[in-house]
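Next comes input_12.csv, a file with CSV, C-alpha atoms and all ligand atoms.
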chain,number,residue,atom,x,y,z
A,1,MET,CA,85.7,39.8,-23.9
A,2,GLU,CA,83.9,38.0,-26.6
A,3,ASN,CA,84.8,34.4,-27.4
A,4,SER,CA,85.6,33.6,-31.0
A,5,LEU,CA,83.7,31.0,-33.1
A,6,PRO,CA,83.9,27.6,-31.5
A,7,GLU,CA,86.2,25.3,-33.4
A,8,HIS,CA,84.3,22.2,-32.2
A,9,ILE,CA,80.6,21.9,-31.5
A,10,ALA,CA,79.1,18.6,-30.1
A,11,ILE,CA,75.4,18.0,-30.5
A,12,ILE,CA,73.1,15.6,-28.8
A,13,MET,CA,70.4,15.3,-31.4
A,14,ASP,CA,67.4,14.6,-29.3
A,15,GLY,CA,63.6,14.7,-29.8
A,16,ASN,CA,63.0,12.8,-33.1
A,17,GLY,CA,60.5,10.5,-31.5
A,18,ARG,CA,58.5,13.4,-30.0
A,19,TRP,CA,58.6,15.3,-33.3
A,20,ALA,CA,57.1,12.3,-35.0
A,21,LYS,CA,54.5,11.7,-32.3
A,22,LYS,CA,53.2,15.2,-32.7
A,23,ARG,CA,52.5,14.4,-36.3
A,24,PHE,CA,50.9,11.0,-35.4
A,25,MET,CA,53.7,9.3,-37.3
A,26,PRO,CA,56.0,6.4,-36.3
A,27,ARG,CA,59.3,7.2,-34.5
A,28,SER,CA,61.3,6.2,-37.6
A,29,PHE,CA,59.6,9.1,-39.5
A,30,GLY,CA,61.2,11.4,-36.9
A,31,HIS,CA,64.6,9.8,-37.3
A,32,ARG,CA,64.4,10.3,-41.1
A,33,ALA,CA,63.5,13.9,-40.6
A,34,GLY,CA,66.4,14.2,-38.1
A,35,ALA,CA,68.9,12.9,-40.6
A,36,GLN,CA,67.7,15.4,-43.3
A,37,SER,CA,67.9,18.2,-40.8
A,38,LEU,CA,71.5,17.2,-39.9
A,39,ASN,CA,72.5,17.2,-43.6
A,40,LYS,CA,71.2,20.7,-44.2
A,41,LEU,CA,72.8,22.0,-41.0
A,42,LEU,CA,76.2,20.5,-41.8
A,43,LYS,CA,76.3,22.4,-45.2
A,44,GLU,CA,75.5,25.7,-43.5
A,45,ALA,CA,77.9,25.1,-40.6
A,46,ASP,CA,80.7,24.4,-43.1
A,47,LYS,CA,79.9,27.7,-44.8
A,48,ILE,CA,80.2,29.7,-41.6
A,49,GLY,CA,83.6,28.0,-40.8
A,50,ILE,CA,83.0,25.5,-38.1
A,51,LYS,CA,85.8,23.0,-38.2
A,52,HIS,CA,84.4,20.1,-36.2
A,53,ILE,CA,81.0,18.8,-35.3
A,54,THR,CA,80.5,15.7,-33.3
A,55,VAL,CA,76.9,14.3,-33.3
A,56,TYR,CA,75.4,11.7,-31.0
A,57,ALA,CA,73.6,9.3,-33.4
A,58,PHE,CA,73.4,6.1,-31.4
A,59,SER,CA,74.4,5.5,-27.8
A,60,THR,CA,75.6,2.4,-26.0
A,61,GLU,CA,72.2,2.6,-24.2
A,62,ASN,CA,70.1,2.9,-27.3
A,63,TRP,CA,70.3,-0.9,-27.9
A,64,SER,CA,67.6,-1.2,-25.2
A,65,ARG,CA,65.0,0.3,-27.6
A,66,SER,CA,62.6,-2.0,-29.5
A,67,GLU,CA,64.1,-4.2,-32.1
A,68,ASP,CA,62.1,-2.3,-34.7
A,69,GLU,CA,63.5,1.0,-33.7
A,70,VAL,CA,67.1,-0.2,-33.6
A,71,SER,CA,66.8,-1.7,-37.0
A,72,ALA,CA,65.1,1.4,-38.4
A,73,LEU,CA,68.0,3.4,-37.1
A,74,MET,CA,70.6,1.1,-38.5
A,75,ASN,CA,68.9,1.1,-41.9
A,76,LEU,CA,68.8,4.8,-41.9
A,77,LEU,CA,72.5,4.9,-41.2
A,78,ARG,CA,73.1,2.5,-44.1
A,79,GLU,CA,71.1,4.8,-46.4
A,80,TYR,CA,72.9,7.9,-45.1
A,81,ILE,CA,76.2,6.3,-45.9
A,82,ASP,CA,75.1,5.1,-49.4
A,83,ASP,CA,73.8,8.6,-50.2
A,84,TYR,CA,77.0,10.2,-49.2
A,85,ILE,CA,79.1,7.8,-51.2
A,86,LYS,CA,76.9,8.2,-54.3
A,87,ASP,CA,76.9,12.0,-54.0
A,88,ASN,CA,80.4,12.6,-52.4
A,89,LYS,CA,81.8,14.7,-55.3
A,90,ASN,CA,79.4,17.5,-54.2
A,91,SER,CA,80.4,17.3,-50.6
A,92,ASN,CA,83.1,19.1,-48.7
A,93,ILE,CA,82.6,17.2,-45.5
A,94,LYS,CA,85.1,14.7,-44.0
A,95,ILE,CA,83.4,12.0,-41.9
A,96,ASP,CA,84.6,9.5,-39.3
A,97,ALA,CA,82.9,7.5,-36.6
A,98,ILE,CA,83.6,7.4,-32.8
A,99,GLY,CA,82.3,4.6,-30.6
A,100,ASP,CA,82.7,0.8,-30.4
A,101,LEU,CA,81.9,-0.1,-34.0
A,102,SER,CA,82.7,-3.8,-33.3
A,103,ARG,CA,79.1,-4.3,-32.1
A,104,LEU,CA,77.6,-3.2,-35.4
A,105,ASP,CA,77.0,-5.7,-38.1
A,106,LYS,CA,80.0,-6.5,-40.4
A,107,GLU,CA,78.5,-5.1,-43.5
A,108,LEU,CA,77.8,-1.8,-41.8
A,109,GLN,CA,81.3,-1.7,-40.4
A,110,SER,CA,82.8,-2.0,-43.9
A,111,LYS,CA,80.4,0.7,-45.2
A,112,ILE,CA,81.7,3.0,-42.4
A,113,LYS,CA,85.3,2.2,-43.4
A,114,LYS,CA,84.6,3.0,-47.0
A,115,LEU,CA,82.8,6.2,-46.0
A,116,GLU,CA,85.9,7.3,-44.0
A,117,GLU,CA,88.2,6.5,-46.8
A,118,ILE,CA,86.2,8.2,-49.5
A,119,SER,CA,85.9,11.4,-47.5
A,120,SER,CA,89.4,11.4,-46.0
A,121,HIS,CA,90.8,14.0,-48.5
A,122,LYS,CA,87.9,16.5,-48.0
A,123,LYS,CA,88.9,19.9,-46.9
A,124,GLY,CA,85.8,21.2,-45.2
A,125,LEU,CA,84.0,20.5,-42.0
A,126,ASN,CA,85.0,17.4,-40.0
A,127,LEU,CA,81.9,15.4,-39.0
A,128,HIS,CA,82.4,12.8,-36.2
A,129,ILE,CA,79.5,10.5,-35.8
A,130,GLY,CA,78.9,8.8,-32.4
A,131,LEU,CA,77.8,5.2,-33.2
A,132,ASN,CA,77.4,2.8,-30.4
A,133,TYR,CA,79.2,5.5,-28.5
A,134,GLY,CA,79.2,5.8,-24.7
A,135,GLY,CA,81.6,8.0,-22.8
A,136,ARG,CA,82.1,5.4,-20.0
A,137,ASP,CA,82.6,2.6,-22.5
A,138,GLU,CA,85.2,4.8,-24.4
A,139,ILE,CA,87.1,5.4,-21.1
A,140,ILE,CA,87.1,1.7,-20.3
A,141,ARG,CA,88.3,0.7,-23.7
A,142,ALA,CA,91.1,3.3,-23.4
A,143,VAL,CA,92.1,2.0,-19.9
A,144,LYS,CA,92.3,-1.5,-21.3
A,145,LYS,CA,94.6,-0.5,-24.2
A,146,LEU,CA,96.7,1.5,-21.8
A,147,CYS,CA,97.0,-1.4,-19.3
A,148,LEU,CA,98.2,-3.7,-22.1
A,149,ASN,CA,100.8,-1.2,-23.2
A,150,VAL,CA,102.1,-0.8,-19.6
A,151,LYS,CA,102.2,-4.6,-19.2
A,152,ASN,CA,104.2,-4.9,-22.5
A,153,ASP,CA,106.6,-2.1,-21.4
A,154,ILE,CA,105.5,0.1,-24.3
A,155,ILE,CA,104.8,2.9,-21.9
A,156,SER,CA,105.7,3.5,-18.3
A,157,GLU,CA,103.1,4.2,-15.6
A,158,ASN,CA,105.0,7.4,-14.8
A,159,ASN,CA,104.3,8.8,-18.2
A,160,ILE,CA,100.5,8.6,-17.9
A,161,ASP,CA,99.0,12.1,-17.9
A,162,GLU,CA,95.9,13.7,-19.3
A,163,LYS,CA,97.4,14.3,-22.7
A,164,LEU,CA,98.6,10.7,-23.0
A,165,PHE,CA,95.2,9.4,-21.8
A,166,SER,CA,93.4,11.6,-24.3
A,167,SER,CA,95.4,9.9,-27.0
A,168,TYR,CA,93.8,6.6,-26.2
A,169,LEU,CA,90.3,7.9,-26.6
A,170,ASP,CA,88.2,7.7,-29.8
A,171,THR,CA,88.5,11.5,-30.0
A,172,LYS,CA,92.3,11.4,-30.1
A,173,ASN,CA,92.7,13.7,-33.1
A,174,ILE,CA,89.8,16.1,-32.2
A,175,PRO,CA,90.0,19.2,-30.0
A,176,ASP,CA,87.7,19.2,-27.0
A,177,PRO,CA,84.3,20.7,-27.8
A,178,GLU,CA,84.0,24.3,-26.7
A,179,LEU,CA,80.2,24.1,-27.0
A,180,VAL,CA,77.8,21.2,-26.3
A,181,ILE,CA,74.2,21.6,-27.6
A,182,ARG,CA,71.3,19.4,-26.6
A,183,THR,CA,67.9,19.8,-28.2
A,184,SER,CA,64.4,18.7,-27.0
A,185,GLY,CA,64.5,20.3,-23.6
A,186,GLU,CA,66.4,17.5,-21.8
A,187,GLN,CA,69.3,18.8,-19.8
A,188,ARG,CA,71.7,15.9,-19.4
A,189,LEU,CA,74.8,14.4,-21.1
A,190,SER,CA,73.4,10.9,-21.4
A,191,ASN,CA,76.9,9.5,-21.6
A,192,PHE,CA,78.1,11.8,-24.3
A,193,LEU,CA,81.8,13.0,-24.2
A,194,PRO,CA,82.2,13.1,-20.4
A,195,TRP,CA,86.0,13.4,-20.5
A,196,GLN,CA,86.0,15.9,-23.3
A,197,SER,CA,83.3,18.2,-22.1
A,198,VAL,CA,84.7,19.1,-18.6
A,199,TYR,CA,85.1,22.7,-19.6
A,200,SER,CA,82.6,22.9,-22.4
A,201,GLU,CA,79.8,25.5,-22.4
A,202,PHE,CA,76.3,23.9,-22.5
A,203,TYR,CA,73.4,25.1,-24.6
A,204,PHE,CA,69.9,23.6,-24.1
A,205,THR,CA,67.0,24.3,-26.3
A,206,ASP,CA,63.4,23.1,-26.4
A,207,LYS,CA,63.5,22.8,-30.2
A,208,LEU,CA,63.1,19.1,-31.3
A,209,TRP,CA,66.1,17.9,-33.3
A,210,PRO,CA,64.3,17.9,-36.8
A,211,ASP,CA,63.4,21.6,-36.2
A,212,PHE,CA,66.9,22.6,-35.3
A,213,ASP,CA,68.3,24.6,-38.2
A,214,ILE,CA,71.2,27.0,-38.9
A,215,LYS,CA,69.3,29.9,-37.3
A,216,GLU,CA,69.2,27.9,-34.1
A,217,LEU,CA,72.8,27.1,-34.4
A,218,ILE,CA,73.8,30.7,-34.8
A,219,LYS,CA,71.7,31.6,-31.7
A,220,ALA,CA,73.7,29.0,-29.7
A,221,ILE,CA,77.0,30.4,-31.1
A,222,GLU,CA,76.0,33.9,-30.2
A,223,GLN,CA,75.2,32.9,-26.6
A,224,PHE,CA,78.5,31.0,-26.5
A,225,LYS,CA,80.4,34.1,-27.6
A,226,ASN,CA,79.1,36.0,-24.6
A,227,ARG,CA,79.9,33.3,-22.0
A,228,ASP,CA,82.6,34.1,-19.5
A,229,ARG,CA,85.0,31.1,-19.7
A,230,ARG,CA,87.2,31.1,-16.7
A,231,PHE,CA,88.7,27.6,-16.6
A,232,GLY,CA,89.2,27.8,-12.9
A,233,GLY,CA,91.1,31.1,-13.1
A,234,ARG,CA,89.9,34.4,-11.7
B,1,LIG,C1,67.1,11.1,-30.7
B,1,LIG,O1,65.8,11.1,-30.7
B,1,LIG,C2,67.7,10.1,-31.7
B,1,LIG,C3,68.3,8.9,-31.0
B,1,LIG,C4,68.4,8.7,-29.7
B,1,LIG,C5,68.7,7.9,-31.9
B,1,LIG,P1,64.9,10.2,-29.8
B,1,LIG,O2,64.6,8.9,-30.5
B,1,LIG,O3,65.6,10.0,-28.5
B,1,LIG,O4,63.6,11.0,-29.6
B,1,LIG,P2,62.8,11.3,-28.3
B,1,LIG,O5,63.7,11.7,-27.2
B,1,LIG,O6,62.1,9.9,-28.0
B,1,LIG,O7,61.8,12.3,-28.6
B,2,LIG,C1,70.8,10.5,-26.3
B,2,LIG,O1,69.5,10.6,-26.4
B,2,LIG,C2,71.4,9.7,-27.4
B,2,LIG,C3,71.3,10.2,-28.7
B,2,LIG,C4,70.9,11.4,-29.0
B,2,LIG,C5,71.8,9.3,-29.7
B,2,LIG,P1,68.5,9.6,-25.6
B,2,LIG,O2,67.1,10.0,-26.0
B,2,LIG,O3,68.9,8.2,-25.9
B,2,LIG,O4,68.8,9.9,-24.1
B,2,LIG,P2,67.9,9.8,-22.8
B,2,LIG,O5,67.5,8.4,-22.7
B,2,LIG,O6,66.8,10.7,-22.9
B,2,LIG,O7,68.9,10.2,-21.7
B,3,MG,MG,65.6,11.0,-26.7
Reformat the file's structure so that it appears as structure tokens.
Ligand code: IPE
Ligand code: IPE
Ligand code: MG
Amino acid sequence: MENSLPEHIAIIMDGNGRWAKKRFMPRSFGHRAGAQSLNKLLKEADKIGIKHITVYAFSTENWSRSEDEVSALMNLLREYIDDYIKDNKNSNIKIDAIGDLSRLDKELQSKIKKLEEISSHKKGLNLHIGLNYGGRDEIIRAVKKLCLNVKNDIISENNIDEKLFSSYLDTKNIPDPELVIRTSGEQRLSNFLPWQSVYSEFYFTDKLWPDFDIKELIKAIEQFKNRDRRFGGR
């Protein structure tokens, strides 16, 4: 039987650097092209009725890149948010961030808050952006909050189950992704949504992120529709 349209697609947007290198341009040029490609894709994905997209924009490990590259990525994020805020009347997209935002600079943190507020009443696609996101870090933060609540008798150890634990994660209000896409030919999770993706279908493509468009997304969805999802059953 064919699966229906996935409600939630998670995307590891990889390959910006290689895309720029092929053009003899700096890596930041690739990141800029990647952000534009994301914007176009989101509008189209909203039109075809996808409810949630989570994108991996900056991982907890990406701090180990050069200072130049990290600051180019942060500047791009600032610009992205400013553009959205300026132009938000034309947008249908609701945005929030997942990850440990406390490590971002204060000004950026308040920009993100403003972005979330401004878009909170939008009725279209929900975009979740992974910023300083790492799956293991997310789990550790959840465990710490949980421990504190057990210690303070707010919850009892006996009540801890998968559902309760999920509610301590950054993705608490988001269904698990049915489909995880990674571009650029790499075939790994790189610390992206490990808890949430245990039963996701994976789709890998050699396309570099700035070249990934709605046609490519539809290809991934078509393949997803034909996957046999068994969830451990027969
Ligand atoms: C993905 O592109 C964007 C981020 C990780 C921020 P990369 O920057 O990883 O590009 P490649 O993998 O070096 O080509
Ligand atoms: C994963 O890509 C992180 C993002 C897309 C933000 P990386 O390029 O950082 O991952 P690795 O280093 O190839 O595993
Ligand atoms: Mg990469």
Give me the segment 72-129 of chain A side of the contact with segment 5-19 of chain A, cut-off 12 Å, one line per residue showing its nearest atom pair and distance in Å at one decimal, counting only C-alpha atoms, sorted by chain and residue number, as a tab-separated table.
residue	atom	partner	partner_atom	distance
A:Leu73	CA	A:Asn16	CA	11.4
A:Leu125	CA	A:His8	CA	10.0
A:Asn126	CA	A:His8	CA	9.2
A:Leu127	CA	A:Ala10	CA	9.9
A:His128	CA	A:Ala10	CA	9.0
A:Ile129	CA	A:Ala10	CA	9.9
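Distance annotation: of A:Ile140, A:Ile93, A:Thr183, A:Ala20, the residue with the minimal separation from Gly49 of chain A is A:Ile93; atom set is all atoms listed in the file.
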Exercise for the section: Name the residues in contact with Glu178 of chain A at a cut-off of 12 Å, using only C-alpha atoms, excluding same-chain residues fewer than 3 positions from it; report them as an MDAnalysis selection string. Expected result: chainID A and resid 3:11 50:54 174:175 181 193 196:203 220:221 224:225 227 229 231
Selected residues written out, C-alpha atoms, as a CSV table (one decimal), in the coordinates of the input:
chain,number,residue,atom,x,y,z
A,3,ASN,CA,84.8,34.4,-27.4
A,4,SER,CA,85.6,33.6,-31.0
A,5,LEU,CA,83.7,31.0,-33.1
A,6,PRO,CA,83.9,27.6,-31.5
A,7,GLU,CA,86.2,25.3,-33.4
A,8,HIS,CA,84.3,22.2,-32.2
A,9,ILE,CA,80.6,21.9,-31.5
A,10,ALA,CA,79.1,18.6,-30.1
A,11,ILE,CA,75.4,18.0,-30.5
A,50,ILE,CA,83.0,25.5,-38.1
A,51,LYS,CA,85.8,23.0,-38.2
A,52,HIS,CA,84.4,20.1,-36.2
A,53,ILE,CA,81.0,18.8,-35.3
A,54,THR,CA,80.5,15.7,-33.3
A,174,ILE,CA,89.8,16.1,-32.2
A,175,PRO,CA,90.0,19.2,-30.0
A,181,ILE,CA,74.2,21.6,-27.6
A,193,LEU,CA,81.8,13.0,-24.2
A,196,GLN,CA,86.0,15.9,-23.3
A,197,SER,CA,83.3,18.2,-22.1
A,198,VAL,CA,84.7,19.1,-18.6
A,199,TYR,CA,85.1,22.7,-19.6
A,200,SER,CA,82.6,22.9,-22.4
A,201,GLU,CA,79.8,25.5,-22.4
A,202,PHE,CA,76.3,23.9,-22.5
A,203,TYR,CA,73.4,25.1,-24.6
A,220,ALA,CA,73.7,29.0,-29.7
A,221,ILE,CA,77.0,30.4,-31.1
A,224,PHE,CA,78.5,31.0,-26.5
A,225,LYS,CA,80.4,34.1,-27.6
A,227,ARG,CA,79.9,33.3,-22.0
A,229,ARG,CA,85.0,31.1,-19.7
A,231,PHE,CA,88.7,27.6,-16.6
Exercise for the section: Step by step, measure atom-to-atom distances between ligand LIG 1 (chain B) and each residue using all atoms listed in the file, keep those at most 10 Å, then write them as a PyMOL selection string. Expected result: chain A and resi 12-22+27-28+30-32+34-35+56-59+61-63+65+69-70+72-74+131+183-186+190+208-210
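In this model, the gap between atom CA of Phe212 of chain A and atom CA of Leu76 of chain A comes to 19.1 Å.
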Exercise for the section: Taking (85.4, 12.2, -52.2) in the file's own coordinates, collect the residues within 6 Å, counting all atoms listed in the file, and hand them back as a list in words. Expected result: Asn88, Lys89, Ile118 and Ser119 of chain A
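Here atom P1 of ligand LIG 2 (chain B) is placed at a distance of 26.6 Å from atom CA of Lys144 of chain A.
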